[in-house]
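Chemist: The file below is my_file_2.cif, mmCIF, C-alpha atoms:
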data_query
#
loop_
_atom_site.label_atom_id
_atom_site.label_comp_id
_atom_site.auth_asym_id
_atom_site.auth_seq_id
_atom_site.Cartn_x
_atom_site.Cartn_y
_atom_site.Cartn_z
CA MET A 1 110.95 49.23 111.88
CA ALA A 2 109.12 52.16 110.38
CA LEU A 3 107.23 54.48 112.71
CA LEU A 4 104.23 54.34 110.43
CA GLU A 5 103.42 51.93 107.65
CA CYS A 6 100.51 51.77 105.26
CA LYS A 7 100.21 48.55 103.32
CA HIS A 8 97.99 48.25 100.25
CA LEU A 9 95.53 50.66 101.74
CA TYR A 10 92.21 51.18 99.94
CA LYS A 11 89.26 53.27 100.95
CA ASN A 12 85.98 53.68 99.20
CA PHE A 13 82.75 55.34 100.18
CA GLY A 14 80.06 53.33 98.43
CA ASP A 15 81.27 52.93 94.88
CA ARG A 16 83.42 56.03 95.08
CA GLN A 17 87.06 55.01 95.32
CA ILE A 18 88.93 57.57 97.47
CA LEU A 19 92.28 55.88 98.06
CA THR A 20 93.91 53.26 95.85
CA ASP A 21 96.74 50.99 96.95
CA ILE A 22 98.55 53.37 99.30
CA ASN A 23 101.95 52.01 100.38
CA LEU A 24 103.93 54.14 102.71
CA ALA A 25 106.70 53.87 105.28
CA ILE A 26 107.54 56.81 107.51
CA PRO A 27 110.80 56.57 109.47
CA GLU A 28 111.69 58.40 112.68
CA GLY A 29 112.99 61.94 112.71
CA LYS A 30 111.53 63.28 109.48
CA ILE A 31 109.26 66.15 108.55
CA ILE A 32 107.10 65.11 105.66
CA GLY A 33 104.76 67.16 103.52
CA LEU A 34 101.59 65.47 102.31
CA LEU A 35 100.70 67.52 99.29
CA GLY A 36 97.88 67.32 96.82
CA LYS A 37 95.03 69.26 95.34
CA ASN A 38 91.72 69.61 97.12
CA GLY A 39 89.68 66.44 97.34
CA THR A 40 92.43 64.00 96.42
CA GLY A 41 92.28 61.96 99.61
CA LYS A 42 94.78 63.67 101.94
CA SER A 43 92.40 63.98 104.86
CA THR A 44 90.95 60.52 104.27
CA LEU A 45 94.44 59.05 104.49
CA ILE A 46 95.10 61.00 107.67
CA LYS A 47 91.84 59.82 109.21
CA LEU A 48 92.71 56.21 108.39
CA ILE A 49 96.08 56.64 110.10
CA ASN A 50 94.32 58.05 113.15
CA ASP A 51 91.81 55.19 113.27
CA LEU A 52 88.89 57.53 112.66
CA LEU A 53 87.97 55.63 109.50
CA THR A 54 88.30 51.93 108.75
CA PRO A 55 90.15 50.89 105.60
CA SER A 56 88.19 49.08 102.91
CA GLU A 57 91.29 46.97 102.35
CA GLY A 58 94.87 46.91 103.61
CA GLU A 59 96.32 47.95 106.94
CA VAL A 60 97.92 50.77 108.88
CA LEU A 61 100.69 49.89 111.33
CA VAL A 62 102.08 52.26 113.95
CA LYS A 63 105.35 51.00 115.42
CA GLY A 64 104.53 47.64 113.91
CA LEU A 65 101.10 47.30 115.53
CA PRO A 66 97.66 47.84 114.00
CA VAL A 67 96.14 51.22 114.83
CA GLY A 68 93.94 51.36 117.92
CA VAL A 69 93.94 52.78 121.44
CA GLU A 70 97.74 52.44 121.79
CA SER A 71 98.48 54.30 118.58
CA LYS A 72 96.50 57.29 119.82
CA GLU A 73 99.08 57.82 122.50
CA ILE A 74 101.87 57.65 119.93
CA ILE A 75 100.25 60.05 117.47
CA ALA A 76 99.38 63.68 118.18
CA TYR A 77 96.79 64.70 115.62
CA LEU A 78 95.67 68.15 114.62
CA PRO A 79 92.42 67.77 112.68
CA GLU A 80 91.23 70.12 109.99
CA ARG A 81 88.32 71.25 112.10
CA THR A 82 88.23 71.89 115.79
CA TYR A 83 86.56 69.40 118.10
CA LEU A 84 86.94 71.49 121.25
CA ASP A 85 84.02 72.84 123.22
CA LYS A 86 84.24 76.51 122.38
CA SER A 87 82.55 77.64 125.57
CA MET A 88 85.69 76.52 127.41
CA THR A 89 88.49 78.91 128.33
CA VAL A 90 92.04 78.13 127.22
CA ASN A 91 92.88 77.16 130.81
CA GLN A 92 90.03 74.65 130.84
CA VAL A 93 91.14 73.16 127.55
CA ILE A 94 94.66 72.75 128.89
CA GLN A 95 93.24 70.90 131.90
CA PHE A 96 91.12 68.79 129.53
CA PHE A 97 94.18 67.79 127.52
CA ALA A 98 96.18 67.12 130.69
CA ASP A 99 93.40 64.77 131.89
CA PHE A 100 93.10 63.11 128.53
CA TYR A 101 96.70 62.54 127.48
CA ARG A 102 99.42 61.18 129.73
CA ASN A 103 102.08 62.70 127.50
CA PHE A 104 100.69 66.25 127.56
CA ASP A 105 103.04 68.89 128.96
CA SER A 106 100.93 71.72 130.44
CA GLU A 107 103.98 73.85 131.26
CA LYS A 108 105.08 73.80 127.67
CA ALA A 109 101.57 74.65 126.44
CA ARG A 110 101.45 77.67 128.77
CA LYS A 111 104.83 78.85 127.60
CA LEU A 112 103.91 78.60 123.92
CA LEU A 113 100.59 80.36 124.51
CA ALA A 114 102.40 83.20 126.26
CA ASP A 115 104.80 83.48 123.29
CA LEU A 116 101.81 83.85 121.03
CA ASP A 117 100.20 86.48 123.27
CA LEU A 118 97.17 84.31 123.87
CA ASP A 119 95.24 84.92 127.07
CA PRO A 120 94.59 81.62 128.90
CA THR A 121 91.52 83.01 130.67
CA GLN A 122 89.77 83.78 127.39
CA LYS A 123 87.00 81.59 126.06
CA LEU A 124 87.58 79.96 122.69
CA ASN A 125 84.37 81.39 121.22
CA LYS A 126 85.62 84.89 121.98
CA MET A 127 88.71 84.29 119.87
CA SER A 128 89.19 84.78 116.15
CA LYS A 129 89.48 81.74 113.89
CA GLY A 130 93.24 82.21 113.57
CA MET A 131 93.67 82.46 117.34
CA GLN A 132 91.66 79.28 117.86
CA GLU A 133 93.87 77.51 115.34
CA LYS A 134 96.95 78.64 117.22
CA VAL A 135 95.54 77.29 120.49
CA GLN A 136 94.83 73.93 118.84
CA LEU A 137 98.30 73.71 117.38
CA VAL A 138 99.87 74.56 120.74
CA LEU A 139 97.87 71.80 122.40
CA VAL A 140 98.95 69.23 119.83
CA MET A 141 102.61 70.28 119.83
CA SER A 142 102.70 70.16 123.64
CA ARG A 143 102.21 66.41 123.64
CA LYS A 144 105.36 64.31 123.77
CA ALA A 145 104.34 62.15 120.84
CA ASP A 146 106.35 60.10 118.36
CA LEU A 147 104.35 61.16 115.36
CA TYR A 148 102.61 64.49 114.83
CA ILE A 149 100.03 64.65 112.10
CA LEU A 150 98.91 68.14 111.22
CA ASP A 151 96.04 68.46 108.78
CA GLU A 152 96.15 71.94 107.23
CA PRO A 153 97.76 73.73 110.19
CA LEU A 154 98.24 76.98 108.26
CA GLY A 155 94.89 77.47 106.57
CA GLY A 156 93.38 80.32 108.53
CA VAL A 157 96.41 82.20 109.78
CA ASP A 158 98.26 85.26 108.49
CA PRO A 159 101.73 84.91 106.88
CA ALA A 160 103.61 86.29 109.91
CA THR A 161 101.93 83.78 112.18
CA ARG A 162 102.55 81.05 109.61
CA ASP A 163 106.26 81.60 110.05
CA TYR A 164 105.87 81.44 113.80
CA ILE A 165 103.88 78.22 113.52
CA LEU A 166 106.51 76.63 111.29
CA ASP A 167 109.20 77.59 113.77
CA THR A 168 107.06 76.16 116.55
CA ILE A 169 106.77 72.90 114.65
CA LEU A 170 110.47 72.86 113.89
CA THR A 171 111.64 73.59 117.41
CA ASN A 172 109.04 71.78 119.45
CA PHE A 173 108.73 68.31 118.15
CA ASN A 174 110.54 65.62 120.07
CA GLU A 175 113.93 64.55 118.84
CA GLY A 176 113.41 61.32 116.93
CA ALA A 177 109.75 62.10 116.33
CA SER A 178 108.31 62.61 112.87
CA VAL A 179 105.84 65.16 111.58
CA ILE A 180 103.42 64.78 108.70
CA ILE A 181 101.96 68.07 107.47
CA SER A 182 99.17 68.17 104.96
CA THR A 183 98.74 71.45 103.14
CA HIS A 184 98.44 73.12 99.80
CA LEU A 185 100.44 76.15 101.00
CA ILE A 186 103.61 74.53 99.74
CA GLN A 187 105.71 77.62 99.31
CA ASP A 188 105.38 78.45 102.98
CA ILE A 189 106.45 75.10 104.31
CA GLU A 190 109.01 73.75 101.91
CA ARG A 191 112.02 75.05 103.82
CA ILE A 192 111.26 72.77 106.76
CA LEU A 193 110.42 69.56 104.89
CA ASP A 194 112.66 66.49 104.53
CA GLU A 195 110.40 64.58 102.21
CA VAL A 196 107.29 65.16 100.20
CA ILE A 197 104.47 62.86 99.26
CA PHE A 198 102.40 63.95 96.28
CA ILE A 199 98.97 62.45 96.23
CA ASP A 200 96.65 62.66 93.27
CA LYS A 201 93.26 61.05 92.66
CA GLY A 202 93.78 58.80 95.66
CA LYS A 203 97.21 57.53 94.65
CA ILE A 204 100.72 58.37 95.78
CA ILE A 205 102.43 59.59 92.65
CA CYS A 206 105.70 60.70 94.21
CA HIS A 207 107.44 60.17 97.55
CA GLU A 208 110.88 61.66 97.66
CA GLU A 209 113.46 63.67 99.56
CA CYS A 210 112.91 67.39 98.89
CA ASP A 211 116.50 68.30 98.08
CA THR A 212 116.83 65.34 95.70
CA LEU A 213 113.67 66.43 93.93
CA ARG A 214 114.86 70.05 93.72
CA GLU A 215 118.20 68.97 92.31
CA ARG A 216 116.72 66.63 89.73
CA GLU A 217 113.80 68.76 88.59
CA GLY A 218 115.63 72.07 88.97
CA GLY A 219 112.99 74.04 90.78
CA SER A 220 111.17 74.58 94.02
CA ILE A 221 108.77 71.96 95.37
CA ASP A 222 106.04 74.50 94.76
CA ALA A 223 107.01 74.84 91.08
CA ILE A 224 107.31 71.07 90.65
CA PHE A 225 103.87 70.63 92.21
CA ARG A 226 102.34 73.24 89.91
CA ARG A 227 103.94 71.56 86.90
CA MET A 228 102.82 68.06 87.89
CA PHE A 229 99.27 69.04 88.73
CA LYS A 230 98.60 71.54 85.98
CA CYS A 231 94.87 71.68 85.38
CA MET B 1 118.71 83.84 106.31
CA GLN B 2 116.33 83.91 103.38
CA PHE B 3 116.25 80.73 101.30
CA GLU B 4 115.68 80.33 97.59
CA ASN B 5 113.11 77.60 97.22
CA ASN B 6 114.51 76.38 93.92
CA ILE B 7 118.01 75.48 95.13
CA PRO B 8 118.47 72.58 97.55
CA ILE B 9 118.48 74.10 101.01
CA TYR B 10 121.50 72.14 102.22
CA ILE B 11 123.54 73.66 99.37
CA GLN B 12 122.48 77.15 100.43
CA LEU B 13 123.52 76.34 103.99
CA VAL B 14 126.90 75.06 102.79
CA GLU B 15 127.44 78.28 100.84
CA ALA B 16 126.40 80.45 103.79
CA MET B 17 128.78 78.69 106.19
CA LYS B 18 131.58 78.64 103.64
CA LEU B 19 131.15 82.40 103.34
CA GLN B 20 131.32 82.81 107.13
CA ILE B 21 134.57 80.87 107.18
CA ILE B 22 136.29 82.68 104.31
CA ALA B 23 135.09 86.05 105.59
CA GLY B 24 136.62 85.19 108.97
CA ARG B 25 133.39 85.44 110.92
CA LEU B 26 134.06 81.82 111.85
CA LYS B 27 137.75 81.64 112.68
CA PRO B 28 140.14 78.72 112.04
CA GLY B 29 139.83 76.29 114.92
CA ASP B 30 136.54 77.79 116.18
CA ARG B 31 134.06 75.37 117.62
CA ILE B 32 130.75 75.38 115.75
CA PRO B 33 127.40 75.02 117.46
CA SER B 34 125.61 71.66 117.49
CA VAL B 35 123.43 70.54 114.60
CA ARG B 36 120.33 71.26 116.60
CA GLU B 37 121.46 74.76 117.57
CA LEU B 38 122.43 75.55 114.00
CA ALA B 39 119.11 74.23 112.72
CA LEU B 40 117.28 76.51 115.14
CA MET B 41 119.46 79.43 114.18
CA HIS B 42 118.79 78.99 110.46
CA LYS B 43 115.22 77.78 111.04
CA VAL B 44 115.69 74.66 109.01
CA ASN B 45 115.12 71.00 109.55
CA PRO B 46 117.91 69.36 111.64
CA ASN B 47 118.33 66.68 108.95
CA THR B 48 118.99 69.35 106.33
CA MET B 49 121.53 71.01 108.64
CA GLN B 50 123.21 67.65 109.19
CA LYS B 51 123.49 67.14 105.45
CA ALA B 52 125.08 70.58 105.04
CA LEU B 53 127.63 69.86 107.78
CA SER B 54 128.51 66.51 106.20
CA GLU B 55 129.15 68.33 102.94
CA LEU B 56 131.39 70.90 104.69
CA GLU B 57 133.23 68.06 106.34
CA GLU B 58 133.74 66.44 102.95
CA LEU B 59 135.22 69.75 101.74
CA GLU B 60 137.45 69.58 104.86
CA LEU B 61 136.35 73.04 105.92
CA ILE B 62 135.17 71.60 109.21
CA TYR B 63 136.10 68.49 111.15
CA THR B 64 134.63 66.45 113.95
CA GLU B 65 136.50 65.82 117.14
CA ARG B 66 134.92 62.81 118.71
CA THR B 67 132.87 63.73 121.79
CA ASN B 68 133.93 67.37 121.52
CA GLY B 69 131.90 68.58 118.58
CA LYS B 70 132.69 70.14 115.26
CA PHE B 71 135.37 72.72 114.52
CA VAL B 72 136.43 74.99 111.69
CA THR B 73 139.58 73.72 110.01
CA ALA B 74 142.85 75.18 111.25
CA ASP B 75 144.31 74.84 107.72
CA GLU B 76 144.56 78.46 106.63
CA THR B 77 145.97 77.56 103.20
CA LEU B 78 142.79 75.63 102.49
CA ILE B 79 140.63 78.56 103.64
CA ALA B 80 142.69 80.88 101.41
CA LYS B 81 142.09 78.54 98.47
CA PHE B 82 138.32 78.61 99.02
CA LYS B 83 138.49 82.37 99.36
CA LYS B 84 140.29 82.67 96.02
CA ASP B 85 137.77 80.37 94.32
CA TYR B 86 134.95 82.46 95.74
CA ALA B 87 136.55 85.73 94.57
CA ASP B 88 137.16 84.17 91.13
CA ALA B 89 133.52 83.24 90.85
CA LEU B 90 132.41 86.76 91.85
CA ALA B 91 134.80 88.32 89.33
CA GLU B 92 133.64 85.96 86.56
CA LYS B 93 130.06 86.88 87.28
CA PHE B 94 130.88 90.58 87.13
CA LEU B 95 132.85 90.16 83.90
CA ALA B 96 130.02 88.21 82.31
CA SER B 97 127.55 90.99 83.18
CA MET B 98 129.94 93.61 81.79
CA ALA B 99 130.46 91.55 78.61
CA ALA B 100 126.69 91.54 78.15
CA ILE B 101 126.73 95.33 77.85
CA GLY B 102 129.76 95.39 75.56
CA PHE B 103 132.79 95.64 77.84
CA ASN B 104 135.53 93.13 77.13
CA ARG B 105 137.71 92.01 80.04
CA GLU B 106 140.28 94.72 79.46
CA ALA B 107 137.65 97.46 79.19
CA ALA B 108 135.94 96.19 82.33
CA ALA B 109 139.23 96.29 84.23
CA THR B 110 139.97 99.82 83.01
CA TYR B 111 136.48 100.87 84.01
CA ILE B 112 136.98 99.60 87.55
CA ARG B 113 140.39 101.22 87.85
CA GLU B 114 139.77 104.60 86.29
CA GLU B 115 136.30 105.57 85.35
CA ARG B 116 134.37 105.44 88.56
#
Mind converting the file's structure to structure tokens?
Modeler:
Amino acid sequence: MALLECKHLYKNFGDRQILTDINLAIPEGKIIGLLGKNGTGKSTLIKLINDLLTPSEGEVLVKGLPVGVESKEIIAYLPERTYLDKSMTVNQVIQFFADFYRNFDSEKARKLLADLDLDPTQKLNKMSKGMQEKVQLVLVMSRKADLYILDEPLGGVDPATRDYILDTILTNFNEGASVIISTHLIQDIERILDEVIFIDKGKIICHEECDTLREREGGSIDAIFRRMFKC
Amino acid sequence: MQFENNIPIYIQLVEAMKLQIIAGRLKPGDRIPSVRELALMHKVNPNTMQKALSELEELELIYTERTNGKFVTADETLIAKFKKDYADALAEKFLASMAAIGFNREAAATYIREER
């Protein structure tokens, strides 16, 4: 049984069709890149998987069951934008997460924050955008989830920190868990990906193993993406 | 290690480990770290590391001892053969570059021997 399955998934807002017939099966133990240009439906798909939007047609199954309260325990989701109360200190947010999620490991969060030189007594609104993003990522990666979904985890951070974040993702997800990363910073992440999904105008146009794609097309995922999506 | 994005990463890992074996940094019969440790070391996905190890196993440069882990082959003749192939490839590459600037094989050899 696939960890995550999307079956004939459609989403439209009014008469604007955002996603068209998305079919997807994500197995355990894979890191998958969800790649596409801006405004092609990546975040909409992610929101459907997280039960934050309702499909117009089709269904999303997590471990064989329709999404709902149970799937929120299985999936650790890093949204594009923060939803945390920024007047809280990092310590308070850790407590908040510990109260909210049974599978949250506070010890691990504190360790990762220390590695990143983040001060747990600091308030979020006193931190830079990049620092806030790091805190969010640490919180998400400190949950013992089966599926991590990271929507643009690298957007606001410097290249050195990007590398650290990728290593954090690589070394901190549960064995047997899968990770879906949406981004357009392909070059930075391709070394850690197993598979890529290219999405364009609301459709999946390619879902393949990275090394197979590199071998067949003779180039980096970044180059293949640029070629496929040439404006 | 630094990866080229345009070559499959497992192939680059195979080459890197092959080099460690023929250079003697990994000795015949040495135990190699677990997939997960190696993946952390090289900062790659464990699945990619697994694929590289399977490839090395296919080449018989490493073998699995059930329950004990993976080891570098003890077959030194085989390692010597890979070393020769590697040296051949390096030499070919050098000769091709020399040919491009007008040295034939003989002239390239003379250059190496005498003119440096």
Chemist: Looking at A:Ala109, A:Leu19, A:Ala223, A:Ala2, which one is nearest to chain B, with distances taken over all atoms listed in the file?
Modeler: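 Between A:Ala109, A:Leu19, A:Ala223, A:Ala2, the residue approaching chain B most closely is A:Ala223.
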Chemist: Residues of chain B that have any atom at most 6 Å from an atom of chain A: could you tabulate them with the shortest-distance atom pair and the distance in Å to one decimal, using all atoms listed in the file, ordered by chain and increasing number, as a Markdown table?
Modeler:
| residue | atom | partner | partner_atom | distance |
| --- | --- | --- | --- | --- |
| B:Asn5 | CA | A:Ser220 | CA | 4.8 |
| B:Asn6 | CA | A:Ser220 | CA | 3.8 |
| B:Pro8 | CA | A:Asp211 | CA | 4.7 |
| B:Val44 | CA | A:Ile192 | CA | 5.3 |
| B:Asn45 | CA | A:Ile192 | CA | 5.1 |
Chemist: By how many Å are CA of Lys230 in chain A and CA of Asp158 in chain A apart?
Modeler: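 A separation of 26.4 Å between them.
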Chemist: Between CA of Met141 in chain A and CA of Phe96 in chain A, what distance in Å does the model show, to one decimal?
Modeler: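 Distance reported for this atom pair: 15.1 Å.
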Chemist: Give me, as a PyMOL selection string, all polymer residues having an atom no more than 9 Å from Glu59 in chain A, counting all atoms listed in the file and skipping those fewer than 6 positions away in the same chain.
Modeler: chain A and resi 5-10+66-67
Chemist: Residue by residue, what does the PyMOL selection byres ((chain B and resi 31) around 12) grab here? Present the result as a VMD selection string.
Modeler: chain B and resid 21 26 to 30 32 to 34 62 to 65 68 to 74
Chemist: Would you kindly translate the PyMOL selection byres ((chain B and resi 1) around 9) into the concrete residues it picks from this file, as a PyMOL selection string?
Modeler: chain B and resi 2-3+16+42-43
Chemist: Fewer than 6 positions away in the same chain doesn't count, so skip those; otherwise give me all residues within 9 Å of Val14 in chain B, counting only C-alpha atoms, as a PyMOL selection string.
Modeler: chain B and resi 49+52-53+55-56
Chemist: So that I can check the surroundings of Thr121 in chain A, please list as a list in words every protein, DNA and RNA residue that reaches within 7 Å of it, counting only C-alpha atoms and ignoring chain neighbours fewer than 4 positions away.
Modeler: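 Here the answer would be Thr89, Val90 and Asn91 of chain A.
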Chemist: So which residues touch Tyr86 in chain B within 9 Å, counting only C-alpha atoms, skipping near sequence neighbours fewer than 5 positions away, as number ranges by chain?
Modeler: B: 19, 22, 81, 91
Chemist: Report, in Å to a single decimal, how far apart CA of Phe82 in chain B and CA of Ala108 in chain B are.
Modeler: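 Taking CA of Ala108 in chain B as the start and CA of Phe82 in chain B as the end point, the length is 24.4 Å.
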Chemist: Box in all listed atoms of range 15-26 of chain B, axis-aligned, with 3 Å more on each side; write out centre and edge lengths in Å to one decimal as lines of an AutoDock Vina configuration file.
Modeler:
center_x = 131.5
center_y = 82.2
center_z = 106.3
size_x = 16.2
size_y = 13.8
size_z = 17.0
Chemist: So, with all atoms listed in the file as the atoms that count, which of B:Arg113, B:Glu4, B:Asn47, B:Glu76 lies closest to Ile32 in chain A?
Modeler: B:Asn47
Chemist: Can you spell out as a list in words the set of residues that the PyMOL selection byres ((chain A and resi 3) around 10) selects in the structure I just provided?
Modeler: Met1, Ala2, Leu4, Glu5, Ala25, Ile26, Pro27, Glu28, Gly29, Leu61, Val62, Lys63, Gly64, Leu65, Ile74, Asp146, Leu147, Ala177 and Ser178 of chain A
Chemist: Find the residue from A:Asp115, A:Glu107, A:Asp200, A:Asp99 that sits nearest to Ile18 in chain A; use only C-alpha atoms when measuring.
Modeler: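 Distance minimum relative to Ile18 in chain A lands on A:Asp200.
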Chemist: Determine, counting only C-alpha atoms, which protein, DNA and RNA residues have an atom within 9 Å of an atom of Asp51 in chain A; residues of the same chain fewer than 5 positions away are not included. Present the result as a ChimeraX atom specification.
Modeler: /A:46,60,67-69,71-72
Chemist: Pick the closest to Arg36 in chain B from B:Gln50, B:Ser97, B:Ala23, B:Ile9: which is it, counting only C-alpha atoms?
Modeler: B:Gln50
